[in-house]
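run_24.txt, holding compact mmCIF, C-alpha atoms and all ligand atoms:
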# COMPACT_ATOMS: atom_id res chain seq x y z
CA MET X 19 -27.82 -7.47 -19.75
CA SER X 20 -28.74 -10.80 -21.31
CA SER X 21 -31.75 -9.37 -23.05
CA ASN X 22 -32.16 -12.38 -25.38
CA SER X 23 -32.42 -15.07 -22.75
CA ARG X 24 -35.02 -13.33 -20.63
CA VAL X 25 -38.60 -12.23 -21.01
CA GLN X 26 -39.03 -8.46 -21.21
CA ILE X 27 -41.91 -7.06 -19.18
CA ALA X 28 -43.44 -3.58 -19.53
CA ALA X 29 -45.88 -2.04 -17.03
CA PHE X 30 -47.72 1.02 -18.35
CA TYR X 31 -50.81 3.17 -18.26
CA LEU X 32 -52.09 6.20 -20.11
CA PHE X 33 -55.20 8.28 -19.56
CA GLY X 34 -56.84 9.35 -22.82
CA LYS X 35 -60.33 9.49 -24.29
CA VAL X 36 -61.68 6.47 -26.17
CA ALA X 37 -65.12 6.75 -27.81
CA SER X 38 -67.43 4.23 -26.17
CA GLU X 39 -69.05 3.22 -29.47
CA ASN X 40 -65.66 2.10 -30.82
CA ILE X 41 -64.36 0.39 -27.74
CA GLU X 42 -65.14 -3.22 -28.64
CA THR X 43 -63.69 -2.89 -32.17
CA LEU X 44 -60.53 -1.32 -30.73
CA ARG X 45 -60.31 -3.94 -28.01
CA VAL X 46 -60.29 -6.71 -30.61
CA LYS X 47 -57.61 -4.94 -32.68
CA LEU X 48 -55.35 -4.48 -29.65
CA GLU X 49 -55.83 -8.06 -28.52
CA ASP X 50 -55.32 -9.60 -31.96
CA TYR X 51 -52.11 -7.68 -32.53
CA GLY X 52 -50.68 -8.67 -29.16
CA ARG X 53 -51.41 -12.33 -29.87
CA GLU X 54 -49.92 -12.00 -33.36
CA LEU X 55 -46.71 -10.72 -31.78
CA GLY X 56 -46.70 -13.64 -29.36
CA LEU X 57 -47.02 -11.42 -26.31
CA LYS X 58 -48.46 -12.40 -22.91
CA GLY X 59 -50.17 -10.11 -20.47
CA LEU X 60 -53.28 -8.31 -19.37
CA VAL X 61 -54.43 -4.86 -20.49
CA ILE X 62 -57.38 -3.08 -18.90
CA PHE X 63 -59.11 -0.84 -21.42
CA ALA X 64 -61.77 1.81 -20.75
CA THR X 65 -63.13 5.03 -22.21
CA GLU X 66 -60.56 6.79 -19.95
CA GLY X 67 -57.47 4.97 -21.33
CA LEU X 68 -55.47 1.82 -20.80
CA ASN X 69 -53.44 0.12 -18.06
CA GLY X 70 -51.47 -3.07 -18.34
CA THR X 71 -48.53 -5.36 -17.86
CA ILE X 72 -47.35 -7.24 -20.94
CA SER X 73 -44.33 -9.34 -21.81
CA GLY X 74 -42.50 -10.58 -24.87
CA GLU X 75 -39.38 -12.46 -25.89
CA THR X 76 -37.82 -9.18 -27.02
CA GLN X 77 -38.17 -5.57 -25.96
CA ALA X 78 -38.79 -4.71 -29.63
CA SER X 79 -41.93 -6.87 -29.79
CA VAL X 80 -43.37 -5.17 -26.68
CA GLU X 81 -42.48 -1.74 -28.07
CA ASP X 82 -44.11 -2.71 -31.36
CA TRP X 83 -47.40 -3.34 -29.55
CA LEU X 84 -47.19 -0.12 -27.51
CA ALA X 85 -46.58 1.92 -30.68
CA PHE X 86 -49.49 0.12 -32.37
CA ALA X 87 -51.73 0.94 -29.41
CA SER X 88 -50.74 4.64 -29.57
CA ARG X 89 -51.45 4.80 -33.32
CA THR X 90 -54.71 2.87 -33.05
CA LEU X 91 -56.06 4.99 -30.19
CA GLY X 92 -54.58 8.31 -31.34
CA PHE X 93 -52.61 8.52 -28.08
CA PRO X 94 -49.14 9.99 -27.50
CA GLU X 95 -46.29 7.63 -26.65
CA ILE X 96 -47.20 5.39 -23.72
CA PRO X 97 -44.69 5.68 -20.83
CA ARG X 98 -43.48 2.27 -19.64
CA LYS X 99 -41.44 0.69 -16.85
CA TRP X 100 -39.30 -2.35 -17.71
CA SER X 101 -38.41 -5.46 -15.78
CA THR X 102 -37.32 -8.96 -16.78
CA ALA X 103 -38.06 -12.54 -15.72
CA PRO X 104 -36.94 -16.02 -16.79
CA VAL X 105 -40.46 -16.87 -18.04
CA ALA X 106 -43.59 -14.87 -18.93
CA PRO X 107 -45.60 -13.89 -15.84
CA PHE X 108 -48.90 -14.46 -17.68
CA ARG X 109 -50.28 -17.48 -19.55
CA LYS X 110 -51.92 -15.59 -22.41
CA PHE X 111 -52.61 -12.16 -23.84
CA GLY X 112 -55.89 -10.42 -23.15
CA VAL X 113 -57.42 -6.94 -23.44
CA ARG X 114 -60.46 -6.44 -21.17
CA VAL X 115 -62.95 -3.58 -21.13
CA ARG X 116 -63.83 -2.13 -17.71
CA ASP X 117 -65.52 1.07 -16.46
CA GLU X 118 -62.22 2.44 -15.16
CA ILE X 119 -58.58 1.54 -15.83
CA VAL X 120 -58.00 1.58 -12.09
CA THR X 121 -60.93 0.91 -9.81
CA LEU X 122 -61.64 3.86 -7.57
CA GLY X 123 -65.36 3.26 -8.08
CA LYS X 124 -65.73 6.78 -9.48
CA PRO X 125 -65.26 6.89 -13.27
CA GLU X 126 -65.89 10.67 -13.19
CA VAL X 127 -62.63 11.37 -11.34
CA GLN X 128 -60.16 12.41 -14.05
CA PRO X 129 -56.42 12.76 -13.44
CA LEU X 130 -54.50 16.04 -13.45
CA ALA X 131 -52.75 17.07 -16.66
CA PRO X 132 -49.57 15.08 -17.33
CA GLY X 133 -46.32 16.68 -16.16
CA SER X 134 -48.01 18.60 -13.37
CA SER X 135 -45.66 19.71 -10.59
CA THR X 136 -47.11 17.24 -8.12
CA HIS X 137 -45.31 14.33 -9.82
CA LEU X 138 -41.97 13.72 -8.11
CA SER X 139 -39.10 11.84 -9.75
CA PRO X 140 -37.36 9.26 -7.52
CA THR X 141 -34.62 11.83 -6.84
CA GLU X 142 -37.09 14.58 -5.90
CA TRP X 143 -38.96 11.99 -3.82
CA ASP X 144 -35.84 11.16 -1.78
CA GLU X 145 -35.07 14.86 -1.35
CA MET X 146 -38.55 15.50 0.05
CA ILE X 147 -38.18 12.53 2.41
CA ALA X 148 -34.81 13.92 3.56
CA SER X 149 -36.35 17.34 4.22
CA GLY X 150 -38.29 15.66 7.02
CA ASP X 151 -41.46 17.74 6.83
CA ALA X 152 -43.64 15.41 4.78
CA VAL X 153 -45.82 12.42 5.64
CA LEU X 154 -45.61 9.26 3.49
CA LEU X 155 -48.88 7.55 2.69
CA ASP X 156 -49.23 4.19 0.93
CA THR X 157 -52.29 4.03 -1.35
CA ARG X 158 -52.06 0.23 -1.74
CA ASN X 159 -53.88 -2.60 0.01
CA TRP X 160 -52.85 -4.58 3.10
CA TYR X 161 -51.62 -7.64 1.21
CA GLU X 162 -49.29 -5.37 -0.79
CA THR X 163 -48.02 -3.16 2.03
CA ARG X 164 -47.16 -6.02 4.32
CA ILE X 165 -44.40 -7.37 2.08
CA GLY X 166 -42.74 -4.01 1.44
CA THR X 167 -43.21 -0.25 1.67
CA PHE X 168 -41.35 3.03 2.22
CA LYS X 169 -39.78 3.49 5.66
CA GLY X 170 -42.24 5.14 8.01
CA ALA X 171 -45.15 5.22 5.57
CA ILE X 172 -48.74 5.22 6.84
CA ASP X 173 -50.41 1.92 5.94
CA PRO X 174 -54.18 2.34 5.35
CA LYS X 175 -54.72 -1.47 5.58
CA THR X 176 -57.42 -1.25 2.92
CA GLU X 177 -58.91 -4.29 1.20
CA GLU X 178 -59.34 -2.40 -2.04
CA PHE X 179 -58.48 0.96 -3.57
CA SER X 180 -62.08 2.22 -3.45
CA GLU X 181 -61.70 2.45 0.39
CA PHE X 182 -58.77 4.86 0.17
CA SER X 183 -60.70 8.18 0.07
CA GLU X 184 -62.67 7.31 3.16
CA PHE X 185 -59.46 6.31 4.94
CA VAL X 186 -57.68 9.65 4.35
CA ASN X 187 -60.71 11.70 5.30
CA LYS X 188 -61.14 9.77 8.57
CA LYS X 189 -57.45 10.18 9.28
CA ALA X 190 -57.76 13.95 8.82
CA GLU X 191 -60.92 14.20 10.92
CA ALA X 192 -59.16 12.27 13.70
CA GLY X 193 -56.38 14.89 13.56
CA GLU X 194 -53.77 12.28 12.63
CA ILE X 195 -52.87 14.04 9.42
CA SER X 196 -53.50 17.63 8.39
CA ARG X 197 -55.01 18.82 5.13
CA ASP X 198 -52.31 21.50 5.00
CA GLN X 199 -49.22 19.39 5.47
CA LYS X 200 -47.08 17.86 2.73
CA ILE X 201 -48.31 14.36 1.96
CA MET X 202 -46.37 12.02 -0.31
CA ILE X 203 -48.44 9.24 -1.86
CA PHE X 204 -47.23 6.22 -3.80
CA CYS X 205 -48.39 2.95 -5.40
CA THR X 206 -46.99 0.19 -7.62
CA GLY X 207 -46.75 1.93 -10.99
CA GLY X 208 -48.26 5.35 -10.31
CA ILE X 209 -51.77 4.92 -11.67
CA ARG X 210 -53.66 4.71 -8.38
CA CYS X 211 -52.01 7.95 -7.26
CA GLU X 212 -53.26 9.72 -10.40
CA LYS X 213 -56.77 9.32 -9.04
CA ALA X 214 -55.97 9.44 -5.34
CA ILE X 215 -54.41 12.89 -5.68
CA VAL X 216 -57.53 14.29 -7.38
CA GLU X 217 -59.72 12.78 -4.69
CA MET X 218 -57.52 14.25 -1.98
CA ASN X 219 -57.42 17.68 -3.61
CA ASN X 220 -61.22 17.61 -3.85
CA SER X 221 -61.36 16.79 -0.13
CA GLY X 222 -59.27 19.84 0.76
CA PHE X 223 -55.76 18.38 0.95
CA LYS X 224 -53.57 21.14 -0.42
CA ASN X 225 -50.03 19.71 -0.55
CA VAL X 226 -50.16 16.24 -2.03
CA TYR X 227 -47.30 14.82 -4.10
CA GLN X 228 -47.13 11.54 -5.97
CA LEU X 229 -44.23 9.26 -6.86
CA ASP X 230 -43.97 9.39 -10.65
CA GLY X 231 -43.99 5.88 -12.11
CA GLY X 232 -44.58 4.40 -8.67
CA ILE X 233 -42.39 1.93 -6.78
CA LEU X 234 -41.37 0.19 -10.02
CA ASN X 235 -39.81 3.40 -11.34
CA TYR X 236 -38.25 4.12 -7.94
CA LEU X 237 -36.60 0.69 -7.70
CA GLU X 238 -35.23 1.02 -11.22
CA GLN X 239 -33.38 4.17 -10.16
CA LYS X 240 -32.87 3.70 -6.43
CA PRO X 241 -32.66 0.07 -5.33
CA ARG X 242 -31.91 -0.56 -1.62
CA SER X 243 -32.71 3.01 -0.69
CA ASN X 244 -35.87 4.28 1.06
CA PHE X 245 -38.15 1.45 -0.12
CA GLU X 246 -37.87 -1.63 2.06
CA GLY X 247 -38.85 -5.20 1.18
CA GLU X 248 -40.47 -6.33 -2.06
CA CYS X 249 -43.06 -4.79 -4.36
CA PHE X 250 -46.24 -6.80 -4.91
CA VAL X 251 -47.26 -7.14 -8.58
CA PHE X 252 -50.49 -8.49 -10.01
CA ASP X 253 -49.12 -11.41 -12.01
CA HIS X 254 -47.40 -14.78 -11.51
CA ARG X 255 -44.24 -13.19 -10.11
CA VAL X 256 -46.26 -12.24 -6.96
CA ALA X 257 -43.65 -9.58 -6.17
CA VAL X 258 -40.41 -8.13 -7.51
CA ASP X 259 -37.32 -7.60 -5.39
CA GLN X 260 -35.05 -4.55 -5.13
CA ASP X 261 -33.48 -5.43 -8.50
CA LEU X 262 -36.93 -5.80 -10.13
CA GLN X 263 -36.40 -9.54 -10.33
CA PRO X 264 -39.22 -12.00 -9.59
CA SER X 265 -39.54 -12.72 -5.90
CA VAL X 266 -37.78 -15.80 -4.59
CA GLN X 267 -39.24 -15.27 -1.14
CA TYR X 268 -42.95 -15.19 -1.94
CA THR X 269 -45.36 -17.52 -3.71
CA LEU X 270 -49.14 -17.22 -3.75
CA CYS X 271 -50.86 -18.89 -0.81
CA PRO X 272 -52.81 -21.88 -2.21
CA HIS X 273 -55.68 -21.15 0.20
CA CYS X 274 -56.24 -17.40 -0.04
CA GLY X 275 -54.09 -16.14 -2.93
CA GLN X 276 -52.07 -13.69 -0.81
CA PRO X 277 -48.24 -13.55 -0.74
CA ALA X 278 -46.94 -16.57 1.16
CA ASP X 279 -43.52 -17.19 2.68
CA GLN X 280 -44.23 -19.69 5.46
CA LYS X 281 -42.61 -23.01 4.57
CA ILE X 282 -44.62 -26.11 5.51
CA GLU X 283 -44.90 -29.77 4.63
CA CYS X 284 -48.44 -30.63 3.61
CA VAL X 285 -50.09 -32.56 6.47
CA ARG X 286 -51.99 -34.61 3.89
CA CYS X 287 -49.43 -35.41 1.18
CA ASP X 288 -46.06 -34.31 2.67
CA THR X 289 -45.29 -32.06 -0.33
CA PRO X 290 -43.23 -28.97 0.65
CA ALA X 291 -45.31 -25.83 0.13
CA GLN X 292 -45.62 -22.20 1.20
CA ILE X 293 -48.68 -20.66 2.82
CA CYS X 294 -49.30 -17.16 4.17
CA ILE X 295 -48.94 -16.17 7.82
CA THR X 296 -52.70 -15.58 8.19
CA CYS X 297 -53.58 -19.08 7.00
CA LEU X 298 -50.75 -20.57 9.08
CA GLU X 299 -52.44 -19.23 12.20
CA LYS X 300 -55.80 -20.80 11.24
CA GLU X 301 -56.94 -24.45 11.53
CA ALA X 302 -54.58 -27.40 10.97
CA ALA X 303 -56.17 -28.11 7.56
CA MET X 304 -54.47 -24.95 6.26
CA LYS X 305 -51.06 -26.59 6.68
CA THR X 306 -51.66 -28.19 3.30
CA CYS X 307 -50.31 -27.64 -0.21
CA SER X 308 -53.67 -27.03 -1.90
CA LYS X 309 -57.39 -26.52 -1.35
CA ASN X 310 -57.91 -30.14 -2.34
CA CYS X 311 -55.52 -31.42 0.31
CA ALA X 312 -57.22 -29.12 2.86
CA ASN X 313 -60.63 -30.62 2.02
CA HIS X 314 -59.31 -34.19 2.24
CA PHE X 315 -57.62 -33.41 5.55
CA ARG X 316 -60.85 -31.98 7.01
CA ALA X 317 -62.79 -35.06 5.93
CA ALA X 318 -60.24 -37.50 7.36
CA PRO X 319 -57.67 -35.69 9.52
CA GLY X 320 -55.47 -38.72 10.30
CA ARG X 321 -55.18 -40.05 6.78
CA LYS X 322 -52.34 -39.40 4.34
CA GLY X 323 -52.95 -39.13 0.62
CA LYS X 324 -51.19 -38.33 -2.61
CA SER X 325 -50.42 -34.82 -3.73
CA GLN X 326 -53.43 -32.83 -4.84
CA GLY X 327 -51.25 -30.45 -6.80
CA ALA X 328 -50.48 -26.85 -5.98
CA GLN X 329 -51.95 -24.59 -8.66
CA TYR X 330 -49.25 -21.97 -8.78
CA ARG X 331 -46.14 -22.97 -10.70
CA PHE X 332 -43.61 -20.37 -11.69
CA GLN X 333 -39.86 -20.61 -12.30
CA ARG X 334 -37.27 -20.40 -9.55
CA THR X 335 -39.53 -20.87 -6.59
CA GLY X 336 -41.37 -23.72 -8.30
CA ARG X 337 -44.70 -22.03 -8.43
ZN ZN X 401 -53.34 -17.69 2.93
ZN ZN X 402 -50.87 -31.72 -0.23
How does the structure come out when it is put into structure tokens?
Ligand SMILES: [Zn+2]
Ligand SMILES: [Zn+2]
Amino acid sequence: MSSNSRVQIAAFYLFGKVASENIETLRVKLEDYGRELGLKGLVIFATEGLNGTISGETQASVEDWLAFASRTLGFPEIPRKWSTAPVAPFRKFGVRVRDEIVTLGKPEVQPLAPGSSTHLSPTEWDEMIASGDAVLLDTRNWYETRIGTFKGAIDPKTEEFSEFSEFVNKKAEAGEISRDQKIMIFCTGGIRCEKAIVEMNNSGFKNVYQLDGGILNYLEQKPRSNFEGECFVFDHRVAVDQDLQPSVQYTLCPHCGQPADQKIECVRCDTPAQICITCLEKEAAMKTCSKNCANHFRAAPGRKGKSQGAQYRFQRTGR
């Protein structure tokens, strides 16, 4: 591993109580220290814990921040999943306060105790799949599931995570899944499942299991196995491939911000670009490299113009 020439990225979350009267002071401490270390990334911080993806030139600098966060908040060690990239997938370092560290829309839903038997390691996960008596259920949104998921998994096609509970309950009422059967749920890094499982248990689902550490942990241990395609991530990489490397297939669509892999030449400025399949099927003005070019094209469809600059620039794929 050429750990010196690449940026080290850690994805992590930890549920733990933070006193609301201290939260702004703590936020500033966490943010200042990350900037002092020269890190990049985004950390969501709430009275229920923290959730983030951060990167640094060395693994030691990222670990330094995670240890500082544990000490500052009085938390145990924060579990993390590693990946690398040629350049940082964020422009700056920020810690933001929200109501929840993952948005279910119900801050009162608290996760089960850590280490509970419903967390499956990637090996246990594959064994349960092989047993053939469980249903796989993706807790992620449509723009994530469509670029990669587990073979045979149910895709809820949700726009956002807060729609998930309603989806599973409807599915059960329609008789398409049973509250008694084994259901295996998964997400990117595991955090959405921490809340989804509690919601499902509260709704009477009795045999729900979650993939510990999510798809990122699974791919680290079992690339090219039961997960197919790429895993969407919420930073400039757009997605990571089976080797946890930044996607070369997908960029962000300049029109809608979803993963894009449809190669076009901008009808306004002739610049090669990638747009998503949904936008490709819309009006001709979408076959452009940017919102600006789309607007110019709509105003004067026949006329060519100079490049109006795609916004997304990141390493190998040129975004
Ligand atoms: Zn699009
Ligand atoms: Zn253009």
Report as a tab-separated table: every residue of segment 227-264 of chain X with an atom at most 10 Å from segment 62-71 of chain X, its closest pair of atoms, and their distance in Å to one decimal, counting all atoms listed in the file, with rows sorted by chain and ascending residue number.
residue	atom	partner	partner_atom	distance
X:Val251	CA	X:Thr71	CA	9.5
X:Phe252	CA	X:Thr71	CA	8.7
X:Asp253	CA	X:Thr71	CA	8.4
Step by step, gather every atom of segment 85-100 of chain X that the file lists, find the box along x, y and z that holds them, add 6 Å on each side, and finally give centre and edge lengths in Å to one decimal, as lines of an AutoDock Vina configuration file.
center_x = -47.7
center_y = 3.8
center_z = -25.1
size_x = 28.8
size_y = 24.3
size_z = 28.5
Next on the checklist: Distance limit 9 Å, reference ligand ZN 401 (chain X), atoms considered: all atoms listed in the file. Which residues make the cut? Give them as a PyMOL selection string.
Outcome noted: chain X and resi 270-278+293-298+304
Do you have, as CSV, the list of residues of segment 97-120 of chain X lying at most 10 Å from segment 39-56 of chain X, each with its nearest atom pair and that distance in Å to one decimal, counting only C-alpha atoms and ordered by chain then number?
residue,atom,partner,partner_atom,distance
X:Lys110,CA,X:Arg53,CA,8.2
X:Phe111,CA,X:Arg53,CA,6.2
X:Gly112,CA,X:Glu49,CA,5.9
X:Val113,CA,X:Glu49,CA,5.4
X:Arg114,CA,X:Arg45,CA,7.3
X:Val115,CA,X:Arg45,CA,7.4
Item to check | Interatomic distance (Å, one decimal) between atom CA of Phe204 of chain X and atom CA of Gln228 of chain X | outcome: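 A separation of 5.7 Å between them.
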Item to check | Polymer residues at most 10 Å from Gln77 of chain X, all atoms listed in the file, same-chain spacing of 5 or more positions, as an MDAnalysis selection string | outcome: chainID X and resid 21:22 24:28 82 100 102
Checklist entry - Which neighbours of Pro97 of chain X fall inside 10 Å, counting only C-alpha atoms, when residues of the same chain fewer than 2 positions from it are skipped, and could you give them as a PyMOL selection string? => result chain X and resi 28-32+84+94-95+99+231
Could you write out the selected residues, including C-alpha atoms, as a PDB file, in the frame of the given file?
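Output contents, as saved in result.pdb:
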ATOM      1  CA  ALA X  28     -43.440  -3.580 -19.530  1.00  0.00           C
ATOM      2  CA  ALA X  29     -45.880  -2.040 -17.030  1.00  0.00           C
ATOM      3  CA  PHE X  30     -47.720   1.020 -18.350  1.00  0.00           C
ATOM      4  CA  TYR X  31     -50.810   3.170 -18.260  1.00  0.00           C
ATOM      5  CA  LEU X  32     -52.090   6.200 -20.110  1.00  0.00           C
ATOM      6  CA  LEU X  84     -47.190  -0.120 -27.510  1.00  0.00           C
ATOM      7  CA  PRO X  94     -49.140   9.990 -27.500  1.00  0.00           C
ATOM      8  CA  GLU X  95     -46.290   7.630 -26.650  1.00  0.00           C
ATOM      9  CA  LYS X  99     -41.440   0.690 -16.850  1.00  0.00           C
ATOM     10  CA  GLY X 231     -43.990   5.880 -12.110  1.00  0.00           C
TER      11      GLY X 231
END
Item to check | Best match for closeness to Cys211 of chain X among X:Pro290, X:Pro264, X:Gly232, X:Gly123, counting only C-alpha atoms | outcome: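 Distance minimum relative to Cys211 of chain X lands on X:Gly232.
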Contacts to ligand ZN 402 (chain X) at 6 Å cut-off (only C-alpha atoms and all ligand atoms) as a PDB file with C-alpha atoms, in the coordinates of the input:
ATOM      1  CA  CYS X 284     -48.440 -30.630   3.610  1.00  0.00           C
ATOM      2  CA  ARG X 286     -51.990 -34.610   3.890  1.00  0.00           C
ATOM      3  CA  CYS X 287     -49.430 -35.410   1.180  1.00  0.00           C
ATOM      4  CA  THR X 289     -45.290 -32.060  -0.330  1.00  0.00           C
ATOM      5  CA  THR X 306     -51.660 -28.190   3.300  1.00  0.00           C
ATOM      6  CA  CYS X 307     -50.310 -27.640  -0.210  1.00  0.00           C
ATOM      7  CA  SER X 308     -53.670 -27.030  -1.900  1.00  0.00           C
ATOM      8  CA  CYS X 311     -55.520 -31.420   0.310  1.00  0.00           C
ATOM      9  CA  SER X 325     -50.420 -34.820  -3.730  1.00  0.00           C
ATOM     10  CA  GLN X 326     -53.430 -32.830  -4.840  1.00  0.00           C
TER      11      GLN X 326
END
Please reconstruct the missing atoms of segment 121-133 of chain X (target: N, CA, C and O atoms) and return them as a short mmCIF file (atom, residue, chain, number, x, y, z; two decimals), in the frame of the given file.
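For reference, out.cif as written:
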data_model
loop_
_atom_site.label_atom_id
_atom_site.label_comp_id
_atom_site.auth_asym_id
_atom_site.auth_seq_id
_atom_site.Cartn_x
_atom_site.Cartn_y
_atom_site.Cartn_z
N THR X 121 -59.61 0.86 -10.40
CA THR X 121 -60.93 0.91 -9.81
C THR X 121 -61.01 1.72 -8.53
O THR X 121 -60.75 1.24 -7.44
N LEU X 122 -61.35 2.99 -8.70
CA LEU X 122 -61.64 3.86 -7.57
C LEU X 122 -63.14 3.77 -7.26
O LEU X 122 -63.58 4.11 -6.17
N GLY X 123 -63.91 3.30 -8.24
CA GLY X 123 -65.36 3.26 -8.08
C GLY X 123 -66.00 4.57 -8.47
O GLY X 123 -67.18 4.79 -8.21
N LYS X 124 -65.22 5.48 -9.07
CA LYS X 124 -65.73 6.78 -9.48
C LYS X 124 -65.17 7.13 -10.86
O LYS X 124 -64.16 7.84 -10.96
N PRO X 125 -65.80 6.64 -11.93
CA PRO X 125 -65.26 6.89 -13.27
C PRO X 125 -65.17 8.38 -13.60
O PRO X 125 -64.41 8.78 -14.49
N GLU X 126 -65.91 9.23 -12.88
CA GLU X 126 -65.89 10.67 -13.19
C GLU X 126 -64.61 11.37 -12.72
O GLU X 126 -64.33 12.47 -13.16
N VAL X 127 -63.87 10.74 -11.81
CA VAL X 127 -62.63 11.37 -11.34
C VAL X 127 -61.56 11.25 -12.42
O VAL X 127 -61.11 10.17 -12.77
N GLN X 128 -61.16 12.40 -12.98
CA GLN X 128 -60.16 12.41 -14.05
C GLN X 128 -58.84 12.94 -13.53
O GLN X 128 -58.82 13.86 -12.73
N PRO X 129 -57.72 12.35 -13.98
CA PRO X 129 -56.42 12.76 -13.44
C PRO X 129 -56.03 14.17 -13.85
O PRO X 129 -56.56 14.73 -14.80
N LEU X 130 -55.06 14.73 -13.12
CA LEU X 130 -54.50 16.04 -13.45
C LEU X 130 -53.75 15.93 -14.77
O LEU X 130 -53.38 14.85 -15.20
N ALA X 131 -53.50 17.06 -15.40
CA ALA X 131 -52.75 17.07 -16.66
C ALA X 131 -51.37 16.46 -16.46
O ALA X 131 -50.76 16.63 -15.40
N PRO X 132 -50.89 15.69 -17.46
CA PRO X 132 -49.57 15.08 -17.33
C PRO X 132 -48.49 16.13 -17.11
O PRO X 132 -48.60 17.27 -17.57
N GLY X 133 -47.44 15.76 -16.39
CA GLY X 133 -46.32 16.68 -16.16
C GLY X 133 -46.62 17.75 -15.13
O GLY X 133 -45.87 18.71 -14.98
#
